[in-house]
Amino acid sequence: MQTKDARSLPAVAQEDLRRKAVRAVREEHRPKVEVCRLFGVSRQALDNWLERFAAGGETALAAQRRGRPPTGGRLSPRQQAQLARQVVDRCPDQIHLPFCLWTRAAVATLIERRCRVRVSVWTAGRYLARWGFTPQKPLRRAFEQDPEAVRRWLAEEYPALRRAARRAGAEIYWGDEMGLRSDHQTGTSYGLKGRTPAIPGTGQRFRCNMLSALTNRGRLFFLVFRERFTARVFLNFLRRLVRQVGRRIFLIVDRHPVHKSRLVTRWRQAHQQELRLFFLPPYSPELNPDECVNQDVKSNAVGRKRARNQREMIGAVRSYLRRRQKRPAVVRRYFDEEHVRYAAS
């Protein structure tokens with residue numbers, strides 16, 4: 001039996017065909033084989049129409065809109081705005097979804113729970129693109145961070161500190177410490193599909209530490225050392241910084257216990273005319289421009305090279321930082337990062 005492809009018919013003609021075929025079976029009691037041959041449809045199509053009629057009556061056979069759904073799909077503009085706000089303001093686990101990151105599957109689950117609409121991950125991806133979202137590596141932010149303290153630092157404390165530095169003729173520096181490991185790796189390498197490439201390197205693990213301080217005018221100072229970060233190491237760095245800068249310094253650091261130790265506190269009190277120490281809000285490393293230096297060194301001085309021992313590693317880090325010192329424009333660009341742009345001027 002030759003069947004016709006009814007998809008080429010107008011929607012109204014398709015509806016009329018469905019009604020006539022169902023009526024022939026249910027009211028005229030004709031055999032299904034005869035009805036299929038008479039209307040040129042398949043047995044499967046006829047069975048589907050009969051099931052739809054049994055479930056919903058004549059309405060279930062009515063013509064439906066064909067083609068790509070209109071802009072917005074099955075979600076109203078209001079629903080879409082509410083969902084987008086949820087993705088911006090909350091993490092999935094905060095609204096009791098079984099995800100820790102916003103993926104397409106997480107958004108599809110959110111849509112189903114909030115709007116009672118089931119969509120595929122591809123449809124969820126199209127919604128995300130329409131709302132202006134792109135996949136990105138998220139920042140890590142501590143639960144303990146106080147948003148009010150961050151707001152106060154950005155709106156009140158740092159502007160006041162900047163004015164005080166101008167009155168005192170001081171230069172503002174941002175400082176931080178960092179540990180570097182030999183097994184840190186950055187970037188990707190091409191390889192045959194299904195065969196992960198292997199990069200040769202030493203099986204030994206070694207490390208070093210680094211202290212650095214920079215200004216928004218492109219000045220950079222650093223200290224690379226082997227031993228553990230202690231108050232004595234920090235004081236050694238402060239003395240060197242005072243000697244090399246040659247003017248009064250306002251140094252902004254995090255609240256590491258070494259920075260607030262008794263030994264450092266006594267030294268600060270005795271050298272207030274040379275250096276004053278200020279502290280960022282707790283658990284707020286993203287506010288420190290020196291974190292950009294740390295990431296640069298980890299990615300490019302350590303992560304993309306294979307030092308064979310601690311001596312080579314320290315030499316590579318020092319060499320990289322010296323090159324950065326000679327390029328103030330590059331150092332200034334660290335302050336272009338979104339979260340530290342407030343400190344650029």
# chains A, B, ... in the order shown; residues from 1 in each chain; ligands from 1
$ select_by_dssp --residues "range 69-311 of chain A" --states "alpha helix (DSSP H)" --output "JSON, numbers by chain"
{"A": [77, 78, 79, 80, 81, 82, 83, 84, 85, 86, 87, 88, 89, 104, 105, 106, 107, 108, 109, 110, 111, 112, 113, 114, 115, 121, 122, 123, 124, 125, 126, 127, 128, 129, 130, 147, 148, 149, 150, 151, 152, 158, 159, 160, 161, 162, 163, 164, 165, 166, 167, 168, 231, 232, 233, 234, 235, 236, 237, 238, 239, 240, 241, 242, 243, 244, 245, 262, 263, 264, 265, 266, 267, 268, 269, 270, 290, 291, 292, 293, 294, 295, 296, 310, 311]}
$ closest_residue --among "A:Gln44, A:Gln273, A:Gln64, A:Ser261" --to "Val12 in chain A" --atoms "only C-alpha atoms"
A:Gln64
$ residues_around --residues "Pro135 in chain A" --least-positions-apart "4" --cutoff "12 Å" --atoms "only C-alpha atoms" --output "NGL selection string"
:A and (101-104 or 125 or 128-129)
$ residues_around --residues "Ala165 in chain A" --least-positions-apart "3" --cutoff "12 Å" --atoms "only C-alpha atoms" --output "PyMOL selection string"
chain A and resi 158-162+168-173+247-252+275-278
$ write_last_selection --atoms "C-alpha atoms" --output "tab-separated table (two decimals), in the first residue's frame"
chain	number	residue	atom	x	y	z
A	158	TYR	CA	39.53	52.45	50.64
A	159	PRO	CA	38.52	55.95	49.40
A	160	ALA	CA	39.43	57.32	52.86
A	161	LEU	CA	42.75	55.43	52.78
A	162	ARG	CA	43.53	56.85	49.34
A	168	ALA	CA	50.78	62.04	53.76
A	169	GLY	CA	52.68	61.83	50.47
A	170	ALA	CA	52.61	58.02	50.71
A	171	GLU	CA	52.46	55.42	47.95
A	172	ILE	CA	49.84	52.65	48.17
A	173	TYR	CA	51.12	49.10	47.74
A	247	ARG	CA	59.24	57.08	50.51
A	248	ARG	CA	56.38	56.47	52.93
A	249	ILE	CA	54.36	53.34	52.17
A	250	PHE	CA	50.74	52.37	52.80
A	251	LEU	CA	50.73	48.57	52.42
A	252	ILE	CA	47.41	46.72	52.08
A	275	LEU	CA	55.26	52.16	56.59
A	276	ARG	CA	51.66	51.69	57.67
A	277	LEU	CA	49.82	48.38	57.32
A	278	PHE	CA	46.14	48.11	56.37
$ atom_distance --atom1 "CA of Phe279 in chain A" --atom2 "CA of Asp254 in chain A"
5.4 Å
$ residues_around --residues "Cys91 in chain A" --least-positions-apart "3" --cutoff "12 Å" --atoms "only C-alpha atoms" --output "PyMOL selection string"
chain A and resi 84-88+94-103+106-107+110+138+141
$ closest_residue --among "A:Val258, A:Ala329, A:Ala316, A:Leu46" --to "Ala231 in chain A" --atoms "only C-alpha atoms"
A:Val258
$ closest_atom_pairs --of "range 263-309 of chain A" --to "range 177-192 of chain A" --cutoff "9 Å" --atoms "only C-alpha atoms" --output "Markdown table"
| residue | atom | partner | partner_atom | distance |
| --- | --- | --- | --- | --- |
| A:Asp290 | CA | A:Glu177 | CA | 8.8 |
| A:Glu291 | CA | A:Met178 | CA | 8.9 |
| A:Asn294 | CA | A:Met178 | CA | 6.8 |
| A:Val297 | CA | A:Leu180 | CA | 9.0 |
| A:Lys298 | CA | A:Leu180 | CA | 7.1 |
| A:Ser299 | CA | A:Thr186 | CA | 5.6 |
| A:Asn300 | CA | A:Thr186 | CA | 7.9 |
| A:Val302 | CA | A:His184 | CA | 6.8 |
| A:Gly303 | CA | A:Gln185 | CA | 4.2 |
| A:Arg304 | CA | A:Thr186 | CA | 6.0 |
| A:Lys305 | CA | A:Gln185 | CA | 8.4 |
| A:Arg306 | CA | A:Ser182 | CA | 7.7 |
| A:Ala307 | CA | A:Ser182 | CA | 7.1 |
| A:Arg308 | CA | A:Ser182 | CA | 8.6 |
| A:Asn309 | CA | A:Ser182 | CA | 8.3 |
$ residues_around --residues "Ala213 in chain A" --least-positions-apart "2" --cutoff "10 Å" --atoms "only C-alpha atoms" --output "list in words"
Ile172, Tyr173, Trp174, Gly175, Asp176, Glu177, Leu211, Thr215, Arg219, Leu220, Phe221, Phe222, Leu223, Phe237, Leu238, Leu241, Leu251, Ile252, Val253, Pro289, Asp290 and Val293 of chain A
$ residues_around --residues "range 18-27 of chain A" --least-positions-apart "6" --cutoff "9 Å" --atoms "only C-alpha atoms" --output "MDAnalysis selection string"
chainID A and resid 35:36 38:39 46 49:50 53 58 61:62
$ select_by_dssp --residues "range 91-309 of chain A" --states "strand (DSSP E or B)" --output "PyMOL selection string"
chain A and resi 171-181+207-214+220-225+249-253+275-279
$ write_last_selection --atoms "N, CA and C atoms" --output "compact mmCIF listing (two decimals), in the first residue's frame"
# COMPACT_ATOMS: atom_id res chain seq x y z
N GLU A 171 52.80 56.22 49.13
CA GLU A 171 52.46 55.42 47.95
C GLU A 171 51.76 54.15 48.42
N ILE A 172 50.63 53.82 47.78
CA ILE A 172 49.84 52.65 48.17
C ILE A 172 50.37 51.40 47.47
N TYR A 173 50.68 50.40 48.26
CA TYR A 173 51.12 49.10 47.74
C TYR A 173 50.13 48.02 48.18
N TRP A 174 50.01 47.01 47.34
CA TRP A 174 49.18 45.84 47.65
C TRP A 174 50.10 44.64 47.75
N GLY A 175 50.04 43.92 48.87
CA GLY A 175 50.95 42.81 49.08
C GLY A 175 50.24 41.50 49.33
N ASP A 176 50.97 40.41 49.05
CA ASP A 176 50.42 39.08 49.30
C ASP A 176 51.55 38.06 49.27
N GLU A 177 51.31 36.89 49.85
CA GLU A 177 52.27 35.80 49.83
C GLU A 177 51.63 34.60 49.13
N MET A 178 52.48 33.70 48.60
CA MET A 178 51.96 32.58 47.85
C MET A 178 52.96 31.42 47.89
N GLY A 179 52.45 30.20 47.97
CA GLY A 179 53.27 29.01 47.87
C GLY A 179 53.20 28.43 46.46
N LEU A 180 54.33 27.99 45.94
CA LEU A 180 54.41 27.43 44.59
C LEU A 180 54.85 25.98 44.66
N ARG A 181 54.17 25.11 43.91
CA ARG A 181 54.48 23.67 43.91
C ARG A 181 54.97 23.23 42.54
N ARG A 207 58.90 22.73 46.48
CA ARG A 207 58.15 23.97 46.47
C ARG A 207 59.02 25.14 46.89
N CYS A 208 58.49 26.34 46.70
CA CYS A 208 59.10 27.55 47.23
C CYS A 208 57.97 28.53 47.53
N ASN A 209 58.31 29.63 48.15
CA ASN A 209 57.32 30.64 48.52
C ASN A 209 57.71 31.98 47.94
N MET A 210 56.73 32.85 47.85
CA MET A 210 56.96 34.15 47.23
C MET A 210 56.17 35.23 47.97
N LEU A 211 56.79 36.39 48.16
CA LEU A 211 56.14 37.59 48.65
C LEU A 211 56.25 38.65 47.57
N SER A 212 55.19 39.41 47.36
CA SER A 212 55.24 40.46 46.34
C SER A 212 54.39 41.63 46.78
N ALA A 213 54.70 42.80 46.20
CA ALA A 213 53.92 44.02 46.44
C ALA A 213 53.97 44.85 45.16
N LEU A 214 52.84 45.46 44.82
CA LEU A 214 52.79 46.24 43.58
C LEU A 214 51.91 47.47 43.76
N LEU A 220 56.72 46.98 40.98
CA LEU A 220 56.59 45.63 41.51
C LEU A 220 57.85 45.24 42.27
N PHE A 221 57.68 44.72 43.48
CA PHE A 221 58.78 44.22 44.31
C PHE A 221 58.42 42.81 44.76
N PHE A 222 59.45 41.97 44.94
CA PHE A 222 59.18 40.58 45.30
C PHE A 222 60.32 39.99 46.10
N LEU A 223 60.01 38.88 46.75
CA LEU A 223 61.00 38.09 47.49
C LEU A 223 60.62 36.62 47.32
N VAL A 224 61.54 35.82 46.78
CA VAL A 224 61.34 34.38 46.63
C VAL A 224 62.21 33.67 47.66
N PHE A 225 61.65 32.75 48.42
CA PHE A 225 62.40 32.12 49.50
C PHE A 225 62.00 30.66 49.66
N ILE A 249 55.13 54.40 52.82
CA ILE A 249 54.36 53.34 52.17
C ILE A 249 53.10 53.05 52.96
N PHE A 250 51.97 52.93 52.25
CA PHE A 250 50.74 52.37 52.80
C PHE A 250 50.58 50.98 52.16
N LEU A 251 50.77 49.93 52.95
CA LEU A 251 50.73 48.57 52.42
C LEU A 251 49.42 47.89 52.82
N ILE A 252 48.69 47.39 51.84
CA ILE A 252 47.41 46.72 52.08
C ILE A 252 47.62 45.22 51.90
N VAL A 253 47.26 44.44 52.91
CA VAL A 253 47.44 42.98 52.88
C VAL A 253 46.18 42.31 53.43
N LEU A 275 56.22 53.11 57.17
CA LEU A 275 55.26 52.16 56.59
C LEU A 275 54.07 51.98 57.52
N ARG A 276 52.88 52.01 56.93
CA ARG A 276 51.66 51.69 57.67
C ARG A 276 50.98 50.50 56.99
N LEU A 277 50.44 49.61 57.81
CA LEU A 277 49.82 48.38 57.32
C LEU A 277 48.31 48.48 57.44
N PHE A 278 47.60 48.11 56.38
CA PHE A 278 46.14 48.11 56.37
C PHE A 278 45.66 46.73 55.94
N PHE A 279 44.45 46.37 56.39
CA PHE A 279 43.96 45.02 56.16
C PHE A 279 42.67 45.01 55.34
$ closest_residue --among "A:Leu280, A:Arg232, A:Glu338, A:Leu83" --to "Arg151 in chain A" --atoms "only C-alpha atoms"
A:Leu280
$ closest_residue --among "A:Ala108, A:Cys115, A:Arg226, A:Arg327" --to "Arg78 in chain A" --atoms "only C-alpha atoms"
A:Cys115
$ atom_distance --atom1 "CA of Glu157 in chain A" --atom2 "CA of Lys260 in chain A"
19.0 Å
